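**Q** Input file: entry31.cif. Contents: mmCIF, C-alpha atoms.
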```
data_coords
loop_
_atom_site.label_atom_id
_atom_site.label_comp_id
_atom_site.auth_asym_id
_atom_site.auth_seq_id
_atom_site.Cartn_x
_atom_site.Cartn_y
_atom_site.Cartn_z
CA MET A 1 -26.10 -18.92 -5.35
CA GLY A 2 -22.99 -17.76 -3.51
CA ARG A 3 -21.25 -20.02 -1.04
CA VAL A 4 -22.30 -19.83 2.60
CA HIS A 5 -19.72 -19.15 5.28
CA PRO A 6 -19.55 -21.94 7.88
CA LEU A 7 -20.12 -19.47 10.72
CA LEU A 8 -23.57 -17.92 10.82
CA ALA A 9 -22.62 -14.83 12.79
CA CYS A 10 -19.67 -12.48 13.08
CA VAL A 11 -18.51 -10.20 15.85
CA ALA A 12 -19.41 -6.65 14.83
CA ALA A 13 -17.10 -4.06 16.38
CA LEU A 14 -15.32 -0.80 15.73
CA LEU A 15 -11.78 -2.07 15.09
CA VAL A 16 -8.72 -0.87 13.25
CA SER A 17 -8.71 -3.80 10.82
CA SER A 18 -10.81 -4.07 7.68
CA ARG A 19 -11.17 -7.82 8.32
CA VAL A 20 -13.01 -8.15 11.58
CA CYS A 21 -15.25 -11.10 10.78
CA ALA A 22 -14.31 -14.71 11.56
CA GLY A 23 -12.75 -16.27 8.50
CA GLY A 24 -11.30 -12.98 7.27
CA TYR A 25 -14.42 -11.20 6.00
CA CYS A 26 -15.20 -7.56 6.70
CA GLN A 27 -18.19 -6.77 8.86
CA GLY A 28 -19.51 -3.76 10.71
CA LYS A 29 -18.00 -0.29 10.96
CA VAL A 30 -14.27 0.51 10.94
CA LEU A 31 -12.56 3.81 11.73
CA ARG A 32 -9.24 4.48 9.99
CA THR A 33 -6.97 7.31 11.16
CA ASN A 34 -3.66 6.46 9.43
CA MET A 35 -2.61 8.64 6.49
CA THR A 36 -2.36 5.57 4.25
CA GLY A 37 -3.90 2.11 4.45
CA THR A 38 -5.80 -0.66 2.71
CA ILE A 39 -9.40 -1.81 2.69
CA SER A 40 -10.92 -5.01 1.34
CA ASP A 41 -14.09 -7.09 1.49
CA GLY A 42 -11.96 -9.89 2.98
CA ASP A 43 -10.34 -13.16 2.02
CA GLY A 44 -11.59 -14.94 -1.08
CA PRO A 45 -15.06 -14.43 -2.59
CA TYR A 46 -17.22 -12.27 -0.34
CA LEU A 47 -20.37 -13.52 1.38
CA ASN A 48 -24.06 -12.99 0.72
CA ASN A 49 -25.67 -10.24 2.82
CA GLN A 50 -22.32 -8.72 3.73
CA ASN A 51 -22.39 -5.15 5.09
CA CYS A 52 -19.13 -3.31 5.77
CA GLU A 53 -18.30 0.34 6.35
CA TRP A 54 -15.03 2.24 6.66
CA VAL A 55 -14.78 5.85 7.84
CA ILE A 56 -11.35 7.20 6.86
CA ALA A 57 -10.53 10.30 8.90
CA PRO A 58 -6.79 10.91 9.46
CA PRO A 59 -6.18 13.93 11.72
CA GLY A 60 -5.16 17.00 9.71
CA ALA A 61 -6.22 15.55 6.35
CA ASP A 62 -7.78 17.86 3.78
CA SER A 63 -8.78 15.12 1.34
CA VAL A 64 -8.58 11.35 0.90
CA THR A 65 -7.94 9.46 -2.35
CA LEU A 66 -9.13 5.86 -2.80
CA VAL A 67 -7.37 3.73 -5.44
CA PHE A 68 -8.91 0.37 -6.37
CA LEU A 69 -6.39 -2.38 -7.12
CA SER A 70 -8.90 -5.11 -8.02
CA PHE A 71 -12.67 -5.16 -8.43
CA SER A 72 -15.21 -7.92 -9.11
CA THR A 73 -18.79 -7.73 -7.76
CA GLU A 74 -22.26 -8.64 -8.98
CA ALA A 75 -23.22 -5.75 -11.26
CA SER A 76 -25.99 -3.49 -9.92
CA TYR A 77 -26.54 -5.62 -6.80
CA ASP A 78 -23.30 -5.83 -4.77
CA LEU A 79 -22.22 -2.22 -4.39
CA VAL A 80 -19.23 -0.23 -3.16
CA SER A 81 -20.34 3.33 -2.32
CA VAL A 82 -17.86 6.15 -1.62
CA TYR A 83 -18.75 9.51 -0.04
CA SER A 84 -17.28 12.75 1.27
CA CYS A 85 -18.39 13.43 4.85
CA ASN A 86 -18.58 16.56 6.97
CA SER A 87 -17.93 14.71 10.27
CA LEU A 88 -17.12 11.29 11.74
CA LEU A 89 -20.84 10.63 11.96
CA CYS A 90 -21.19 11.26 8.22
CA ASP A 91 -24.60 12.81 8.85
CA THR A 92 -24.07 14.89 5.70
CA MET A 93 -22.62 12.90 2.80
CA LEU A 94 -21.87 13.60 -0.86
CA PRO A 95 -21.47 10.62 -3.27
CA LEU A 96 -18.24 10.82 -5.26
CA ASP A 97 -18.06 10.58 -9.05
CA GLY A 98 -19.16 7.15 -10.31
CA SER A 99 -20.35 5.91 -6.90
CA PRO A 100 -21.79 3.38 -6.24
CA PHE A 101 -19.45 0.98 -8.05
CA SER A 102 -20.19 -2.58 -9.16
CA GLY A 103 -19.27 -5.04 -11.90
CA PHE A 104 -15.87 -6.17 -13.14
CA SER A 105 -14.06 -3.00 -14.26
CA ILE A 106 -11.61 -1.38 -11.86
CA PRO A 107 -13.02 2.08 -11.02
CA SER A 108 -10.89 5.16 -11.46
CA PRO A 109 -9.39 6.69 -8.30
CA VAL A 110 -11.77 8.95 -6.37
CA SER A 111 -10.94 11.77 -3.95
CA SER A 112 -13.07 13.22 -1.18
CA LEU A 113 -13.80 16.93 -0.97
CA THR A 114 -13.08 16.90 2.77
CA GLY A 115 -10.63 15.09 5.06
CA ILE A 116 -13.22 12.40 5.83
CA MET A 117 -14.24 9.62 3.43
CA ARG A 118 -16.89 6.94 3.96
CA VAL A 119 -16.70 3.65 2.03
CA ARG A 120 -19.54 1.13 2.28
CA PHE A 121 -19.80 -2.36 0.76
CA VAL A 122 -23.14 -4.18 0.68
CA SER A 123 -23.91 -7.51 -1.03
CA ASP A 124 -27.37 -8.98 -1.62
CA TYR A 125 -28.75 -12.45 -0.86
CA SER A 126 -27.26 -14.34 -3.85
CA THR A 127 -24.31 -14.55 -6.26
CA THR A 128 -20.84 -13.55 -5.06
CA PHE A 129 -17.53 -12.82 -6.77
CA ALA A 130 -13.92 -12.11 -5.82
CA GLY A 131 -14.66 -8.70 -4.31
CA PHE A 132 -12.32 -5.73 -4.16
CA ASP A 133 -9.02 -4.47 -2.77
CA ALA A 134 -8.12 -0.80 -2.47
CA VAL A 135 -5.56 1.53 -0.95
CA TYR A 136 -6.21 5.01 0.38
CA HIS A 137 -3.96 8.04 0.78
CA ALA A 138 -4.84 11.08 2.86
CA HIS A 139 -3.55 14.50 1.82
CA THR A 140 -2.85 17.79 3.47
CA ASN A 141 -2.64 21.14 1.71
CA SER A 142 1.12 20.65 1.44
CA SER A 143 0.94 17.30 -0.37
CA CYS A 144 0.14 16.44 -3.98
CA PRO A 145 -2.54 13.92 -5.00
CA VAL A 146 -1.61 10.35 -5.91
CA GLY A 147 -0.35 10.23 -9.50
CA THR A 148 1.25 13.67 -9.33
CA TYR A 149 4.56 14.97 -8.01
CA ARG A 150 5.96 18.24 -6.72
CA ASP A 151 8.69 19.78 -8.86
CA ASN A 152 11.12 22.44 -7.67
CA THR A 153 8.23 24.91 -7.50
CA THR A 154 5.03 24.61 -5.49
CA SER A 155 3.13 23.06 -8.39
CA CYS A 156 1.75 19.51 -8.50
CA LYS A 157 2.43 18.04 -11.93
CA PRO A 158 0.99 14.79 -13.35
CA CYS A 159 3.22 11.72 -13.47
CA SER A 160 3.69 10.22 -16.92
CA ASN A 161 5.44 6.92 -16.25
CA LEU A 162 2.51 4.66 -15.31
CA PRO A 163 2.66 1.39 -17.28
CA ASP A 164 -0.42 -0.54 -18.32
CA LEU A 165 -1.75 -2.92 -15.62
CA ALA A 166 -0.31 -0.76 -12.81
CA SER A 167 -1.46 1.86 -10.31
CA PHE A 168 0.32 4.65 -8.45
CA THR A 169 1.04 3.68 -4.86
CA SER A 170 2.34 6.74 -3.02
CA ASP A 171 1.30 10.22 -2.06
CA GLY A 172 2.53 12.88 -4.41
CA GLY A 173 6.00 13.98 -3.35
CA ASP A 174 9.21 14.99 -5.01
CA ALA A 175 9.77 13.07 -8.25
CA PRO A 176 10.47 10.21 -8.67
CA ALA A 177 9.15 9.18 -5.24
CA GLY A 178 5.82 10.83 -5.97
CA CYS A 179 5.41 8.72 -9.10
CA SER A 180 6.11 5.27 -7.65
CA TRP A 181 3.79 2.50 -8.86
CA SER A 182 3.13 -1.21 -8.46
CA CYS A 183 1.57 -3.82 -10.71
CA LEU A 184 -2.07 -4.78 -10.24
CA PRO A 185 -2.75 -8.10 -8.48
CA GLY A 186 -1.82 -11.06 -10.73
CA TYR A 187 0.90 -9.20 -12.64
CA VAL A 188 4.63 -8.76 -12.07
CA SER A 189 7.06 -5.99 -12.93
CA THR A 190 9.83 -6.46 -15.49
CA GLY A 191 11.33 -3.09 -14.65
CA GLN A 192 9.30 -0.71 -16.80
CA ARG A 193 6.07 -2.61 -17.39
CA CYS A 194 3.70 -5.14 -15.83
CA THR A 195 3.17 -8.56 -17.38
CA THR A 196 1.96 -12.07 -16.57
CA TRP A 197 5.52 -13.25 -17.24
CA GLN A 198 7.03 -14.85 -14.14
CA PRO A 199 10.80 -14.62 -13.61
CA SER A 200 12.35 -18.05 -14.12
CA PRO A 201 15.31 -19.42 -12.13
CA THR A 202 16.58 -20.87 -15.43
CA ALA A 203 16.61 -17.53 -17.24
CA TYR A 204 20.02 -17.31 -18.88
CA CYS A 205 20.47 -13.54 -18.78
CA ASP A 206 18.78 -10.73 -16.88
CA LEU A 207 16.50 -8.13 -18.41
CA GLY A 208 18.60 -5.66 -20.39
CA GLN A 209 21.33 -8.22 -21.18
CA TYR A 210 22.05 -10.50 -24.13
CA LEU A 211 24.03 -13.71 -24.60
CA ALA A 212 27.45 -13.01 -26.19
CA ALA A 213 29.50 -15.43 -28.31
CA ASN A 214 31.59 -16.43 -25.29
CA SER A 215 28.40 -17.49 -23.42
CA THR A 216 28.48 -14.55 -21.05
CA CYS A 217 25.69 -12.06 -20.43
CA VAL A 218 26.51 -8.61 -21.77
CA PRO A 219 24.56 -5.37 -21.18
CA CYS A 220 22.45 -4.28 -24.13
CA PRO A 221 23.24 -1.00 -25.91
CA ALA A 222 21.63 1.98 -24.24
CA LYS A 223 17.93 2.36 -24.98
CA PRO A 224 16.16 5.73 -25.26
CA ALA A 225 14.68 7.46 -22.25
CA ASN A 226 11.04 6.57 -21.52
CA SER A 227 11.36 3.04 -22.91
CA TYR A 228 11.72 -0.53 -21.60
CA PHE A 229 13.33 -3.78 -22.76
CA ASN A 230 10.79 -6.32 -24.04
CA ALA A 231 12.18 -9.72 -23.08
CA ILE A 232 14.94 -11.78 -21.47
CA THR A 233 17.31 -14.41 -22.88
CA THR A 234 15.97 -17.75 -21.67
CA THR A 235 18.19 -20.19 -23.58
CA SER A 236 21.91 -20.80 -23.77
CA SER A 237 21.63 -22.12 -27.34
CA ALA A 238 20.74 -18.79 -28.97
CA THR A 239 23.33 -17.31 -31.29
CA SER A 240 24.93 -14.07 -30.23
CA ALA A 241 23.22 -12.10 -33.01
CA ALA A 242 19.82 -13.62 -32.35
CA SER A 243 20.15 -13.13 -28.61
CA ALA A 244 21.09 -9.47 -28.95
CA SER A 245 18.28 -8.86 -31.45
CA SER A 246 15.55 -10.31 -29.22
CA ALA A 247 16.81 -9.49 -25.72
CA CYS A 248 17.72 -5.90 -26.56
CA ALA A 249 14.50 -5.04 -28.36
CA TRP A 250 12.67 -2.20 -26.61
CA SER A 251 9.32 -0.39 -26.69
CA CYS A 252 8.20 3.05 -25.61
CA ALA A 253 6.62 3.28 -22.15
CA ALA A 254 2.92 4.02 -21.71
CA GLY A 255 2.11 7.59 -22.73
CA TYR A 256 5.10 7.94 -25.11
CA SER A 257 5.33 7.48 -28.90
CA LEU A 258 8.19 6.33 -31.10
CA VAL A 259 9.72 9.24 -33.03
CA TYR A 260 12.12 8.72 -35.93
CA ALA A 261 14.68 11.24 -37.12
CA VAL A 262 17.00 11.22 -40.14
CA ASN A 263 20.46 9.84 -39.23
CA ALA A 264 19.53 9.66 -35.56
CA THR A 265 18.46 7.00 -33.11
CA PRO A 266 14.67 6.75 -32.61
CA THR A 267 13.37 8.30 -29.39
CA CYS A 268 10.26 8.00 -27.19
CA GLN A 269 8.47 11.32 -26.75
#
```
What's the structure tokens form of this structure?
**A**
Amino acid sequence: MGRVHPLLACVAALLVSSRVCAGGYCQGKVLRTNMTGTISDGDGPYLNNQNCEWVIAPPGADSVTLVFLSFSTEASYDLVSVYSCNSLLCDTMLPLDGSPFSGFSIPSPVSSLTGIMRVRFVSDYSTTFAGFDAVYHAHTNSSCPVGTYRDNTTSCKPCSNLPDLASFTSDGGDAPAGCSWSCLPGYVSTGQRCTTWQPSPTAYCDLGQYLAANSTCVPCPAKPANSYFNAITTTSSATSAASASSACAWSCAAGYSLVYAVNATPTCQ
């Protein structure tokens, strides 16, 4: 049985915040008109019998993309439904691919077929989990979808630099701005990837450096394009050779493969 909120009633209103219930839980209907924003079930595990709705309708938008950053609900019972709407009243709605969503896997991004998107979250009478967090991006005909960028033509091309455990965070624009990303909740960036590793104030050298014989931190040799350094030097007792070997080791970024060539440095393609 899920935990019961100490307040038995919430104030239901049409507000500009996704957290309109006392204690930080969503409740009622919310209209969003900004081109970008966030939505969430609220703080901490959601409540039983929760019912929240967001209508996302930025003026001038031709479509809206919803990107889930985290997702954990009771499978088949606590549902997040996403629709395209023909008006603010959403009297005609079309469910988007995969909707409704539930369970513990983060759904793929979904995009509306119109400039109005409706998102609804409903939980049943028992069993609650952490809930969900999502960001939305509205698009006009002149913008590219999230996860793509505009090159020097009018084409929208897919980004290829998304690491594991990350999601794109901006509307498609000129590269590299159109391909910016952030790590999913609970993970941190080490420059080119997301990991559970937490930067330590006692780290001896920064990422991309190794400990030299004179106990100074020296930049690693250049690594190939589309790759990242694997680790940092965390001890001052490592030998110069061992430090350079471990701290300067690199791997190819997500979507790229290691390619060897005779008498040439390996590359990531």
**Q** The PyMOL selection byres ((chain A and resi 56) around 6) - which residues does that actually catch in the file I just gave you? List them as a PyMOL selection string.
**A** chain A and resi 32+55+57+116-117
**Q** If you apply the PyMOL selection byres ((chain A and resi 63-78) around 9) to this file, what residues do you get, as a PyMOL selection string?
**A** chain A and resi 35+46+56-58+61-62+79-80+82+84+100-117+121-124+127-141+145-146+166-169+183-185
**Q** Nearest to Ser180 in chain A: which of A:Cys194, A:Gly147, A:Pro45, A:Leu165 is it, counting all atoms listed in the file?
**A** A:Gly147
**Q** Restricting the calculation to all atoms listed in the file: of A:Leu47, A:Val188, A:Cys268, A:Cys90, which residue gets closest to Ala225 in chain A?
**A**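 Ranking A:Leu47, A:Val188, A:Cys268, A:Cys90 by distance to Ala225 in chain A, first place goes to A:Cys268.
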**Q** Which residues are close to Cys220 in chain A, i.e. within 7 Å by all atoms listed in the file, leaving aside same-chain residues fewer than 5 positions away? Reply as a list in words.
**A**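 Listed by chain and then number, they are Gly208, Gln209, Tyr210 and Cys248 of chain A.
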**Q** Return the single residue from A:Leu162, A:Cys156, A:Ile39, A:Cys85 that is closest to Cys252 in chain A, with distances computed using all atoms listed in the file.
**A**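 Of the candidates, the smallest distance to Cys252 in chain A is held by A:Leu162.
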**Q** From the list A:Ser189, A:Thr267, A:Ser87, A:Ser227, which residue is nearest Ser251 in chain A when using only C-alpha atoms?
**A** A:Ser227
**Q** Only all heavy atoms, as a PDB file, in the first residue's frame: that is what I want for range 25-40 of chain A.
**A**
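What ended up in result.pdb:
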```
ATOM      1  N   TYR A  25       2.962  17.930  -4.765  1.00  0.00           N
ATOM      2  CA  TYR A  25       2.433  16.926  -5.672  1.00  0.00           C
ATOM      3  C   TYR A  25       1.531  17.572  -6.712  1.00  0.00           C
ATOM      4  O   TYR A  25       0.766  18.483  -6.401  1.00  0.00           O
ATOM      5  CB  TYR A  25       1.649  15.856  -4.903  1.00  0.00           C
ATOM      6  CG  TYR A  25       2.510  15.080  -3.940  1.00  0.00           C
ATOM      7  CD1 TYR A  25       2.609  15.474  -2.613  1.00  0.00           C
ATOM      8  CD2 TYR A  25       3.237  13.980  -4.372  1.00  0.00           C
ATOM      9  CE1 TYR A  25       3.415  14.770  -1.736  1.00  0.00           C
ATOM     10  CE2 TYR A  25       4.048  13.270  -3.501  1.00  0.00           C
ATOM     11  CZ  TYR A  25       4.133  13.672  -2.181  1.00  0.00           C
ATOM     12  OH  TYR A  25       4.939  12.987  -1.313  1.00  0.00           O
ATOM     13  N   CYS A  26       1.598  17.081  -7.943  1.00  0.00           N
ATOM     14  CA  CYS A  26       0.744  17.654  -8.985  1.00  0.00           C
ATOM     15  C   CYS A  26      -0.715  17.308  -8.719  1.00  0.00           C
ATOM     16  O   CYS A  26      -1.038  16.294  -8.085  1.00  0.00           O
ATOM     17  CB  CYS A  26       1.188  17.141 -10.359  1.00  0.00           C
ATOM     18  SG  CYS A  26       0.834  15.394 -10.662  1.00  0.00           S
ATOM     19  N   GLN A  27      -1.592  18.168  -9.179  1.00  0.00           N
ATOM     20  CA  GLN A  27      -3.023  17.931  -9.028  1.00  0.00           C
ATOM     21  C   GLN A  27      -3.778  18.854  -9.977  1.00  0.00           C
ATOM     22  O   GLN A  27      -3.396  20.009 -10.171  1.00  0.00           O
ATOM     23  CB  GLN A  27      -3.471  18.197  -7.590  1.00  0.00           C
ATOM     24  CG  GLN A  27      -4.939  17.917  -7.311  1.00  0.00           C
ATOM     25  CD  GLN A  27      -5.264  16.440  -7.256  1.00  0.00           C
ATOM     26  OE1 GLN A  27      -4.359  15.629  -7.070  1.00  0.00           O
ATOM     27  NE2 GLN A  27      -6.517  16.091  -7.425  1.00  0.00           N
ATOM     28  N   GLY A  28      -4.818  18.359 -10.587  1.00  0.00           N
ATOM     29  CA  GLY A  28      -5.641  19.208 -11.423  1.00  0.00           C
ATOM     30  C   GLY A  28      -5.040  19.442 -12.804  1.00  0.00           C
ATOM     31  O   GLY A  28      -4.162  18.718 -13.262  1.00  0.00           O
ATOM     32  N   LYS A  29      -5.520  20.492 -13.452  1.00  0.00           N
ATOM     33  CA  LYS A  29      -5.160  20.781 -14.835  1.00  0.00           C
ATOM     34  C   LYS A  29      -4.236  21.986 -14.910  1.00  0.00           C
ATOM     35  O   LYS A  29      -4.447  22.982 -14.231  1.00  0.00           O
ATOM     36  CB  LYS A  29      -6.426  21.053 -15.655  1.00  0.00           C
ATOM     37  CG  LYS A  29      -6.205  21.202 -17.150  1.00  0.00           C
ATOM     38  CD  LYS A  29      -7.531  21.344 -17.856  1.00  0.00           C
ATOM     39  CE  LYS A  29      -7.355  21.462 -19.358  1.00  0.00           C
ATOM     40  NZ  LYS A  29      -8.654  21.591 -20.055  1.00  0.00           N
ATOM     41  N   VAL A  30      -3.199  21.885 -15.753  1.00  0.00           N
ATOM     42  CA  VAL A  30      -2.189  22.928 -15.881  1.00  0.00           C
ATOM     43  C   VAL A  30      -2.030  23.286 -17.354  1.00  0.00           C
ATOM     44  O   VAL A  30      -1.940  22.399 -18.203  1.00  0.00           O
ATOM     45  CB  VAL A  30      -0.822  22.447 -15.320  1.00  0.00           C
ATOM     46  CG1 VAL A  30       0.233  23.513 -15.535  1.00  0.00           C
ATOM     47  CG2 VAL A  30      -0.941  22.105 -13.851  1.00  0.00           C
ATOM     48  N   LEU A  31      -2.028  24.571 -17.660  1.00  0.00           N
ATOM     49  CA  LEU A  31      -1.783  25.035 -19.023  1.00  0.00           C
ATOM     50  C   LEU A  31      -0.365  25.562 -19.123  1.00  0.00           C
ATOM     51  O   LEU A  31       0.044  26.410 -18.331  1.00  0.00           O
ATOM     52  CB  LEU A  31      -2.776  26.141 -19.397  1.00  0.00           C
ATOM     53  CG  LEU A  31      -2.555  26.812 -20.760  1.00  0.00           C
ATOM     54  CD1 LEU A  31      -2.787  25.799 -21.881  1.00  0.00           C
ATOM     55  CD2 LEU A  31      -3.478  28.017 -20.904  1.00  0.00           C
ATOM     56  N   ARG A  32       0.399  25.069 -20.090  1.00  0.00           N
ATOM     57  CA  ARG A  32       1.762  25.518 -20.319  1.00  0.00           C
ATOM     58  C   ARG A  32       1.853  26.210 -21.677  1.00  0.00           C
ATOM     59  O   ARG A  32       1.442  25.634 -22.681  1.00  0.00           O
ATOM     60  CB  ARG A  32       2.738  24.336 -20.282  1.00  0.00           C
ATOM     61  CG  ARG A  32       2.915  23.731 -18.889  1.00  0.00           C
ATOM     62  CD  ARG A  32       3.537  24.757 -17.954  1.00  0.00           C
ATOM     63  NE  ARG A  32       3.797  24.223 -16.648  1.00  0.00           N
ATOM     64  CZ  ARG A  32       4.889  23.545 -16.311  1.00  0.00           C
ATOM     65  NH1 ARG A  32       5.824  23.304 -17.212  1.00  0.00           N
ATOM     66  NH2 ARG A  32       5.048  23.109 -15.080  1.00  0.00           N
ATOM     67  N   THR A  33       2.410  27.424 -21.700  1.00  0.00           N
ATOM     68  CA  THR A  33       2.528  28.164 -22.952  1.00  0.00           C
ATOM     69  C   THR A  33       3.966  28.532 -23.298  1.00  0.00           C
ATOM     70  O   THR A  33       4.197  29.150 -24.337  1.00  0.00           O
ATOM     71  CB  THR A  33       1.682  29.449 -22.893  1.00  0.00           C
ATOM     72  OG1 THR A  33       2.105  30.247 -21.779  1.00  0.00           O
ATOM     73  CG2 THR A  33       0.199  29.113 -22.740  1.00  0.00           C
ATOM     74  N   ASN A  34       4.938  28.177 -22.440  1.00  0.00           N
ATOM     75  CA  ASN A  34       6.346  28.411 -22.766  1.00  0.00           C
ATOM     76  C   ASN A  34       6.811  27.423 -23.829  1.00  0.00           C
ATOM     77  O   ASN A  34       6.297  26.300 -23.925  1.00  0.00           O
ATOM     78  CB  ASN A  34       7.225  28.279 -21.532  1.00  0.00           C
ATOM     79  CG  ASN A  34       6.958  29.394 -20.532  1.00  0.00           C
ATOM     80  OD1 ASN A  34       6.549  30.480 -20.908  1.00  0.00           O
ATOM     81  ND2 ASN A  34       7.185  29.115 -19.263  1.00  0.00           N
ATOM     82  N   MET A  35       7.816  27.793 -24.602  1.00  0.00           N
ATOM     83  CA  MET A  35       8.339  26.913 -25.650  1.00  0.00           C
ATOM     84  C   MET A  35       9.075  25.714 -25.077  1.00  0.00           C
ATOM     85  O   MET A  35       9.168  24.671 -25.718  1.00  0.00           O
ATOM     86  CB  MET A  35       9.261  27.697 -26.583  1.00  0.00           C
ATOM     87  CG  MET A  35       8.547  28.755 -27.413  1.00  0.00           C
ATOM     88  SD  MET A  35       7.328  28.054 -28.574  1.00  0.00           S
ATOM     89  CE  MET A  35       8.410  27.338 -29.825  1.00  0.00           C
ATOM     90  N   THR A  36       9.630  25.840 -23.887  1.00  0.00           N
ATOM     91  CA  THR A  36      10.279  24.720 -23.206  1.00  0.00           C
ATOM     92  C   THR A  36       9.848  24.719 -21.755  1.00  0.00           C
ATOM     93  O   THR A  36       9.446  25.750 -21.209  1.00  0.00           O
ATOM     94  CB  THR A  36      11.819  24.806 -23.273  1.00  0.00           C
ATOM     95  OG1 THR A  36      12.250  25.996 -22.587  1.00  0.00           O
ATOM     96  CG2 THR A  36      12.306  24.840 -24.707  1.00  0.00           C
ATOM     97  N   GLY A  37       9.921  23.569 -21.104  1.00  0.00           N
ATOM     98  CA  GLY A  37       9.536  23.492 -19.699  1.00  0.00           C
ATOM     99  C   GLY A  37       9.674  22.084 -19.173  1.00  0.00           C
ATOM    100  O   GLY A  37      10.138  21.170 -19.873  1.00  0.00           O
ATOM    101  N   THR A  38       9.297  21.893 -17.924  1.00  0.00           N
ATOM    102  CA  THR A  38       9.371  20.590 -17.277  1.00  0.00           C
ATOM    103  C   THR A  38       8.015  20.221 -16.706  1.00  0.00           C
ATOM    104  O   THR A  38       7.212  21.091 -16.359  1.00  0.00           O
ATOM    105  CB  THR A  38      10.403  20.594 -16.129  1.00  0.00           C
ATOM    106  OG1 THR A  38       9.995  21.537 -15.125  1.00  0.00           O
ATOM    107  CG2 THR A  38      11.783  20.971 -16.642  1.00  0.00           C
ATOM    108  N   ILE A  39       7.762  18.926 -16.605  1.00  0.00           N
ATOM    109  CA  ILE A  39       6.582  18.429 -15.912  1.00  0.00           C
ATOM    110  C   ILE A  39       6.999  17.251 -15.053  1.00  0.00           C
ATOM    111  O   ILE A  39       7.971  16.554 -15.352  1.00  0.00           O
ATOM    112  CB  ILE A  39       5.447  18.028 -16.875  1.00  0.00           C
ATOM    113  CG1 ILE A  39       5.878  16.877 -17.780  1.00  0.00           C
ATOM    114  CG2 ILE A  39       4.983  19.216 -17.698  1.00  0.00           C
ATOM    115  CD1 ILE A  39       4.739  16.348 -18.632  1.00  0.00           C
ATOM    116  N   SER A  40       6.258  17.023 -13.966  1.00  0.00           N
ATOM    117  CA  SER A  40       6.607  15.982 -13.015  1.00  0.00           C
ATOM    118  C   SER A  40       5.382  15.637 -12.185  1.00  0.00           C
ATOM    119  O   SER A  40       4.480  16.473 -12.019  1.00  0.00           O
ATOM    120  CB  SER A  40       7.747  16.455 -12.104  1.00  0.00           C
ATOM    121  OG  SER A  40       7.948  15.563 -11.022  1.00  0.00           O
TER     122      SER A  40
END
```
